[in-house]
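Take a look at the structure set out below.
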Amino acid sequence: MSKNTSSLTQKLPFKINQEIILLLVLIALIAFFALMSDNFLTGSNFINIIRQAAMLGIIAAGMTMVLLIGGIDLSVASNVALTSVIAALSMAAGIDPILAVLIGVAVGTTVGMVNGLIVTKIGIPALITTLGMMTIVRGAAFVSTDGYPVFDFPDTMRWIGTGHVLQIPVPAIIMAIVFIVVWFILYRTKLGRHIYALGGNQEAAHLSGINIFKVKMFVYMTSGFCSGIAGIILLGRLNSGQPNALQAFELEVVTAVVLGGVSIFGGQGKLLGVFLGVLILGVLANGLVILNVGEFYQMVITGLVLLIAVGMDRIYNKKKD
Amino acid sequence: MKRKHSLISTTVGLLFVAGLTACGAEQDAGGDPEDVDTGGETEEAEGETEEVGDADADIRIGMSVLDLGNPFFVSLTEDVEAIAEEDGYEVIINDPQDDVNQQIDAIQNFVSQGVDAIIVTATDQNAIDDAVTEATEADIPVIAHTTMLENADAWVGADEYDMGTALGEQAGDWINEVHDGAGEVGIINFDQIEQVIDRKEGIIDGIKEQADGAEVVGDQQAGDPNAAYEVSEGFIQANPDLVGIFSFNDAGALGAANAAEAAGLDDEEFAVGGIDAVPEAIEAIRDGGHLKFTVDQQPDLTAETLMDVTNAILNDEDYEEENEIEVQPVSEDNIDDF
């Protein structure tokens, strides 16, 4: 990156890195929406945005690791639906809510484990493995409820989706914890260095003695675990298990992660960028609804923001892949 | 060593894909529009269809709905299957997941399988017209559900616009009673599907007919409860005086009701309504709270009428070409009937 820095960036006192570009995009969006509506820049709306961004953020944190090792996990959204359905069914069967949460998260993690085993032991590429699992897991969610949503259980779980601690929404707190843990793993542990090394060059990583199997299993299971957590939040928000929830959401998660500057080829990108990417998508989705912009325009605008943010990084930093 | 490994992975990969296809054949309940079409390319309709009932049956009926992710169609297909089983028929159900292309494939597959009748809820009436004509030219009667089809032999369904007004009028009456005929409302739509646009227009017209001071301040698309939750948070945020959110279906209404509750809105002053009368919405209305209204399109009666018409056509008996299913407004006043 440094060798190819353009003359424009050399005149500036700091390097324009991906995170600063994302921060500028975020500020520009917030300024725009604040100008257009009096109801945008308020405390209660800030809470709305981080609450809405929480599920996206939690899944994106797991997906970041997967992309960093050069993989992808398309099963995440189906996994969220399955987790919420299984936890809901457990509660409807009279199982204690705390145990139901654990069962749900265990199901999510197991899906991640199966992904990891297929990728490492059988050697099917991650794209195909998780594409297949996406369909299987979604099907399993429908099979377990015969296609109907699951409801009619005590609403003790609602707090996880809609409650607050000191004015901060519970989902946002969970997202913060997930990001801190993932940040710690990526930047303060040997495992984190191995994750980056694996995405940079798998052959070299192997030769340097990294246990590729363990790293990959950890990453896919973490992604499944994150989906499980998101599934519990979804259950809390809707107070029902929805087998068809979050259709196509996996693409939104991938969008947030690549918007955050993570390379789809692995090895490159920072968790901070992903966090900003999640906030940008959250602000966009919320602001466009507040301005009552039609869904079809929203799709166009969201795609444009992705291309502009990633494009600006390309222009300033001339990154090589 | 390496070669052996790749051989194993290829073999297992193939088995995996085969398993997937088989999986699709058994579980067409997967209503994910993003699902990979694992079996749609084959000549027979195996990949996306499910055969129910007597495999040796003399009469086979192909049925293609909109999306089995929607509980209404789950009920409808279950009811049709139950009646068919009594009659000793075989029903082949197809779930095109709202995708017109998959529906065309399914109808063509029904024709090449030589089914005796086809029931179809059109994803897009113009786009499937050629496929419907292929069926009728092959002397296979086509019974249209919900959306009327020019070349079909009969139609059974509730009018989409009437369904909308049935919700809108309940909402308008409530605005009259509680807010003196004026107030801001948000609408959750699904403009992606043509026929549901009529439904939305019915909702808006119904509200305004009863409460002429009502104003639509938000109109957004949301296909599932979570999306509706987020849209509703936006409506509530953007419009502090909002008095209600009305949705094209109950999934949207359930999301909106949860958002209203999370925002701490008073359920005496704020109403949510939907359409479809799914069990979860019925329960919510019974419990009291923000969700106050829905509309029943009577899937059981629809299934019965569909099968009566199909039987009449197959037995060369007289039948009505147009069979309207009456929609029924549902609120706390008549909730005990459900």
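FYI, nothing fancy with the structure tokens labels: chains A, B, ... in order, residues from 1 per chain, ligands from 1 as they appear.
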
Which residues in range 146-178 of chain B does DSSP call strand (DSSP E or B)? List them as JSON, numbers by chain.
{"B": [154, 155, 156, 157]}

Can you list every residue of chain A that has an atom at most 7 Å from chain B, with its nearest atom pair and the distance in Å to one decimal, using only C-alpha atoms, ordered by chain then number, as a Markdown table?
```
| residue | atom | partner | partner_atom | distance |
| --- | --- | --- | --- | --- |
| A:Asn39 | CA | B:Ala238 | CA | 5.3 |
| A:Asn45 | CA | B:Gln237 | CA | 6.5 |
| A:Asn48 | CA | B:Glu233 | CA | 7.0 |
| A:Gln52 | CA | B:Glu230 | CA | 6.7 |
| A:Ile122 | CA | B:Ser9 | CA | 5.3 |
| A:Gly123 | CA | B:Ser9 | CA | 5.9 |
| A:Ile124 | CA | B:Gly13 | CA | 6.6 |
| A:Thr135 | CA | B:Asp35 | CA | 6.0 |
| A:Arg138 | CA | B:Gly30 | CA | 6.2 |
| A:Gly139 | CA | B:Gly30 | CA | 4.8 |
| A:Phe142 | CA | B:Gly30 | CA | 6.0 |
| A:Gly147 | CA | B:Ala29 | CA | 6.2 |
| A:Tyr148 | CA | B:Pro71 | CA | 5.6 |
| A:Phe151 | CA | B:Glu280 | CA | 6.6 |
| A:Thr162 | CA | B:Ala262 | CA | 5.9 |
| A:Arg237 | CA | B:Asn258 | CA | 7.0 |
| A:Leu238 | CA | B:Asn258 | CA | 6.1 |
| A:Asn244 | CA | B:Gly69 | CA | 5.8 |
| A:Ala245 | CA | B:Asp224 | CA | 6.1 |
| A:Gln247 | CA | B:Asp32 | CA | 6.1 |
| A:Ala248 | CA | B:Glu34 | CA | 6.0 |
| A:Asn286 | CA | B:Gly234 | CA | 6.1 |
| A:Val289 | CA | B:Gly234 | CA | 5.6 |
| A:Ile290 | CA | B:Ala238 | CA | 5.1 |
| A:Asn292 | CA | B:Gly218 | CA | 5.7 |
| A:Gly294 | CA | B:Gln220 | CA | 6.2 |
| A:Glu295 | CA | B:Gln221 | CA | 5.8 |
```

Can those selected residues be exported to a file as a PDB file, in the first residue's frame so that it contains C-alpha atoms?
```pdb
ATOM      1  CA  ASN A  39     -36.492  13.307  13.426  1.00  0.00           C
ATOM      2  CA  ASN A  45     -33.298   7.251  16.749  1.00  0.00           C
ATOM      3  CA  ASN A  48     -33.086   2.513  16.879  1.00  0.00           C
ATOM      4  CA  GLN A  52     -31.261  -2.536  14.158  1.00  0.00           C
ATOM      5  CA  ILE A 122     -14.019 -33.328   2.428  1.00  0.00           C
ATOM      6  CA  GLY A 123     -12.511 -30.356   0.699  1.00  0.00           C
ATOM      7  CA  ILE A 124     -15.600 -28.862  -0.914  1.00  0.00           C
ATOM      8  CA  THR A 135     -30.568 -24.522   1.672  1.00  0.00           C
ATOM      9  CA  ARG A 138     -33.459 -23.221   5.789  1.00  0.00           C
ATOM     10  CA  GLY A 139     -35.282 -26.415   4.882  1.00  0.00           C
ATOM     11  CA  PHE A 142     -39.330 -25.131   7.834  1.00  0.00           C
ATOM     12  CA  GLY A 147     -43.800 -24.032   7.692  1.00  0.00           C
ATOM     13  CA  TYR A 148     -45.625 -22.113  10.412  1.00  0.00           C
ATOM     14  CA  PHE A 151     -45.338 -18.674  19.101  1.00  0.00           C
ATOM     15  CA  THR A 162     -36.051  -5.140  23.093  1.00  0.00           C
ATOM     16  CA  ARG A 237     -37.505  -8.997  18.946  1.00  0.00           C
ATOM     17  CA  LEU A 238     -40.416 -10.843  17.379  1.00  0.00           C
ATOM     18  CA  ASN A 244     -38.642 -17.660   6.833  1.00  0.00           C
ATOM     19  CA  ALA A 245     -36.967 -14.740   8.611  1.00  0.00           C
ATOM     20  CA  GLN A 247     -34.303 -14.105   3.577  1.00  0.00           C
ATOM     21  CA  ALA A 248     -31.182 -13.117   1.609  1.00  0.00           C
ATOM     22  CA  ASN A 286     -32.979   3.780   8.927  1.00  0.00           C
ATOM     23  CA  VAL A 289     -37.201   4.735   5.791  1.00  0.00           C
ATOM     24  CA  ILE A 290     -37.474   7.988   7.758  1.00  0.00           C
ATOM     25  CA  ASN A 292     -39.929   7.382   3.145  1.00  0.00           C
ATOM     26  CA  GLY A 294     -39.296   3.558  -1.794  1.00  0.00           C
ATOM     27  CA  GLU A 295     -37.783   0.103  -1.402  1.00  0.00           C
TER      28      GLU A 295
END
```

Within 12 Å of Val196 in chain B using only C-alpha atoms, minus same-chain residues under 4 positions, as a PyMOL selection string:
chain B and resi 66+122-124+146-147+159-164+188-192+200-203+221+223+247-249+275

Counting only C-alpha atoms, what is within 9 Å of range 125-131 of chain B, bar same-chain residues fewer than 5 positions away, as a VMD selection string?
chain B and resid 100 to 101 103 to 105 107 to 108 111 136 147 to 151

Selected residues, C-alpha atoms, written as a PDB file, in the first residue's frame, please.
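File produced: part.pdb:
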```pdb
ATOM      1  CA  VAL B 100     -42.307 -16.474 -12.055  1.00  0.00           C
ATOM      2  CA  ASN B 101     -39.620 -18.378 -13.914  1.00  0.00           C
ATOM      3  CA  GLN B 103     -43.614 -21.282 -11.849  1.00  0.00           C
ATOM      4  CA  ILE B 104     -43.476 -21.465 -15.656  1.00  0.00           C
ATOM      5  CA  ASP B 105     -41.101 -24.446 -15.393  1.00  0.00           C
ATOM      6  CA  ILE B 107     -46.547 -25.676 -15.188  1.00  0.00           C
ATOM      7  CA  GLN B 108     -44.638 -27.006 -18.195  1.00  0.00           C
ATOM      8  CA  VAL B 111     -48.059 -30.711 -18.714  1.00  0.00           C
ATOM      9  CA  THR B 136     -55.230 -25.908 -21.927  1.00  0.00           C
ATOM     10  CA  THR B 147     -55.356 -13.876  -9.740  1.00  0.00           C
ATOM     11  CA  MET B 148     -57.766 -14.346 -12.652  1.00  0.00           C
ATOM     12  CA  LEU B 149     -56.186 -15.814 -15.774  1.00  0.00           C
ATOM     13  CA  GLU B 150     -57.603 -15.151 -19.217  1.00  0.00           C
ATOM     14  CA  ASN B 151     -57.062 -18.691 -20.438  1.00  0.00           C
TER      15      ASN B 151
END
```

Find the distance between CA of Phe110 in chain B and CA of Thr310 in chain B and write it in Å to one decimal.
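One can read the CA of Phe110 in chain B to CA of Thr310 in chain B distance as 15.5 Å.
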
Which residues, written as a ChimeraX atom specification, have at least one atom at most 7 Å from Ala253 in chain B, with only C-alpha atoms counted and residues fewer than 5 positions away on the same chain left out?
/B:246-247,272-274

Resulting file, chosen residues, N, CA, C and O atoms, as a PDB file, in the first residue's frame:
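Below is the file selection-v4.pdb, written as the result:
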```pdb
ATOM      1  N   PHE B 246     -50.575  -0.302   9.178  1.00  0.00           N
ATOM      2  CA  PHE B 246     -51.411  -1.333   8.575  1.00  0.00           C
ATOM      3  C   PHE B 246     -50.637  -2.015   7.467  1.00  0.00           C
ATOM      4  O   PHE B 246     -49.988  -1.369   6.656  1.00  0.00           O
ATOM      5  N   SER B 247     -50.689  -3.344   7.494  1.00  0.00           N
ATOM      6  CA  SER B 247     -49.777  -4.126   6.667  1.00  0.00           C
ATOM      7  C   SER B 247     -50.543  -5.002   5.686  1.00  0.00           C
ATOM      8  O   SER B 247     -51.649  -5.469   5.979  1.00  0.00           O
ATOM      9  N   VAL B 272     -52.555  -1.602  15.112  1.00  0.00           N
ATOM     10  CA  VAL B 272     -51.855  -2.284  14.029  1.00  0.00           C
ATOM     11  C   VAL B 272     -52.837  -3.285  13.435  1.00  0.00           C
ATOM     12  O   VAL B 272     -53.633  -3.891  14.157  1.00  0.00           O
ATOM     13  N   GLY B 273     -52.800  -3.426  12.111  1.00  0.00           N
ATOM     14  CA  GLY B 273     -53.673  -4.409  11.472  1.00  0.00           C
ATOM     15  C   GLY B 273     -52.970  -5.093  10.326  1.00  0.00           C
ATOM     16  O   GLY B 273     -52.032  -4.552   9.738  1.00  0.00           O
ATOM     17  N   GLY B 274     -53.417  -6.324  10.012  1.00  0.00           N
ATOM     18  CA  GLY B 274     -52.831  -7.074   8.904  1.00  0.00           C
ATOM     19  C   GLY B 274     -53.901  -7.841   8.143  1.00  0.00           C
ATOM     20  O   GLY B 274     -55.100  -7.628   8.360  1.00  0.00           O
TER      21      GLY B 274
END
```

Point out the residue among B:Leu301, B:Glu324, B:Asp153, B:Asp296 with the least atom-to-atom distance to Pro141 in chain B, counting only C-alpha atoms.
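Smallest distance to Pro141 in chain B is found for B:Asp153.
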
Interatomic distance (Å, one decimal) between CA of Thr64 in chain A and CA of Glu252 in chain A:
12.9 Å

Which residues are close to Glu81 in chain B, i.e. within 10 Å by only C-alpha atoms, leaving aside same-chain residues fewer than 4 positions away? Reply as a short mmCIF file (atom, residue, chain, number, x, y, z; two decimals) with C-alpha atoms, in the first residue's frame.
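around.cif written:
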```cif
data_model
loop_
_atom_site.label_atom_id
_atom_site.label_comp_id
_atom_site.auth_asym_id
_atom_site.auth_seq_id
_atom_site.Cartn_x
_atom_site.Cartn_y
_atom_site.Cartn_z
CA GLU B 51 -46.05 -35.74 -4.32
CA VAL B 52 -48.73 -36.44 -1.81
CA GLY B 53 -51.36 -39.11 -1.55
CA SER B 75 -52.73 -23.93 5.25
CA LEU B 76 -54.19 -23.87 1.74
CA THR B 77 -51.99 -26.68 0.41
CA GLU B 85 -56.50 -37.84 0.05
CA GLU B 86 -60.18 -38.42 0.85
CA ASP B 87 -60.99 -38.46 -2.86
CA TYR B 89 -56.32 -38.22 -5.73
CA GLU B 90 -52.66 -37.41 -5.93
CA VAL B 91 -51.59 -33.77 -5.56
CA ILE B 92 -48.21 -32.53 -6.75
CA ILE B 93 -47.40 -29.29 -4.95
CA ALA B 303 -59.37 -25.32 -0.71
CA MET B 307 -61.42 -29.07 -5.23
#
```

Find the spatial neighbours of Asp241 in chain B, counting only C-alpha atoms, within a cut-off of 12 Å - ignore same-chain residues fewer than 6 positions away - and output them as a ChimeraX atom specification.
/A:39 /B:179,182-186,214-217,235,265,269-270

If you run DSSP on the backbone here, which positions in range 86-142 of chain B get helix (DSSP H, G or I)? Please write them as number ranges by chain.
B: 86-87, 100-113, 129-137

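Candidate residues A:Thr156, A:Asn79, A:Asn201, A:Gln298 were compared for distance to Gly228 in chain A, and the nearest is A:Asn79, using only C-alpha atoms.
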
Tell me, in Å to one decimal, how far CA of Leu304 in chain A is from CA of Gly269 in chain A.
20.7 Å
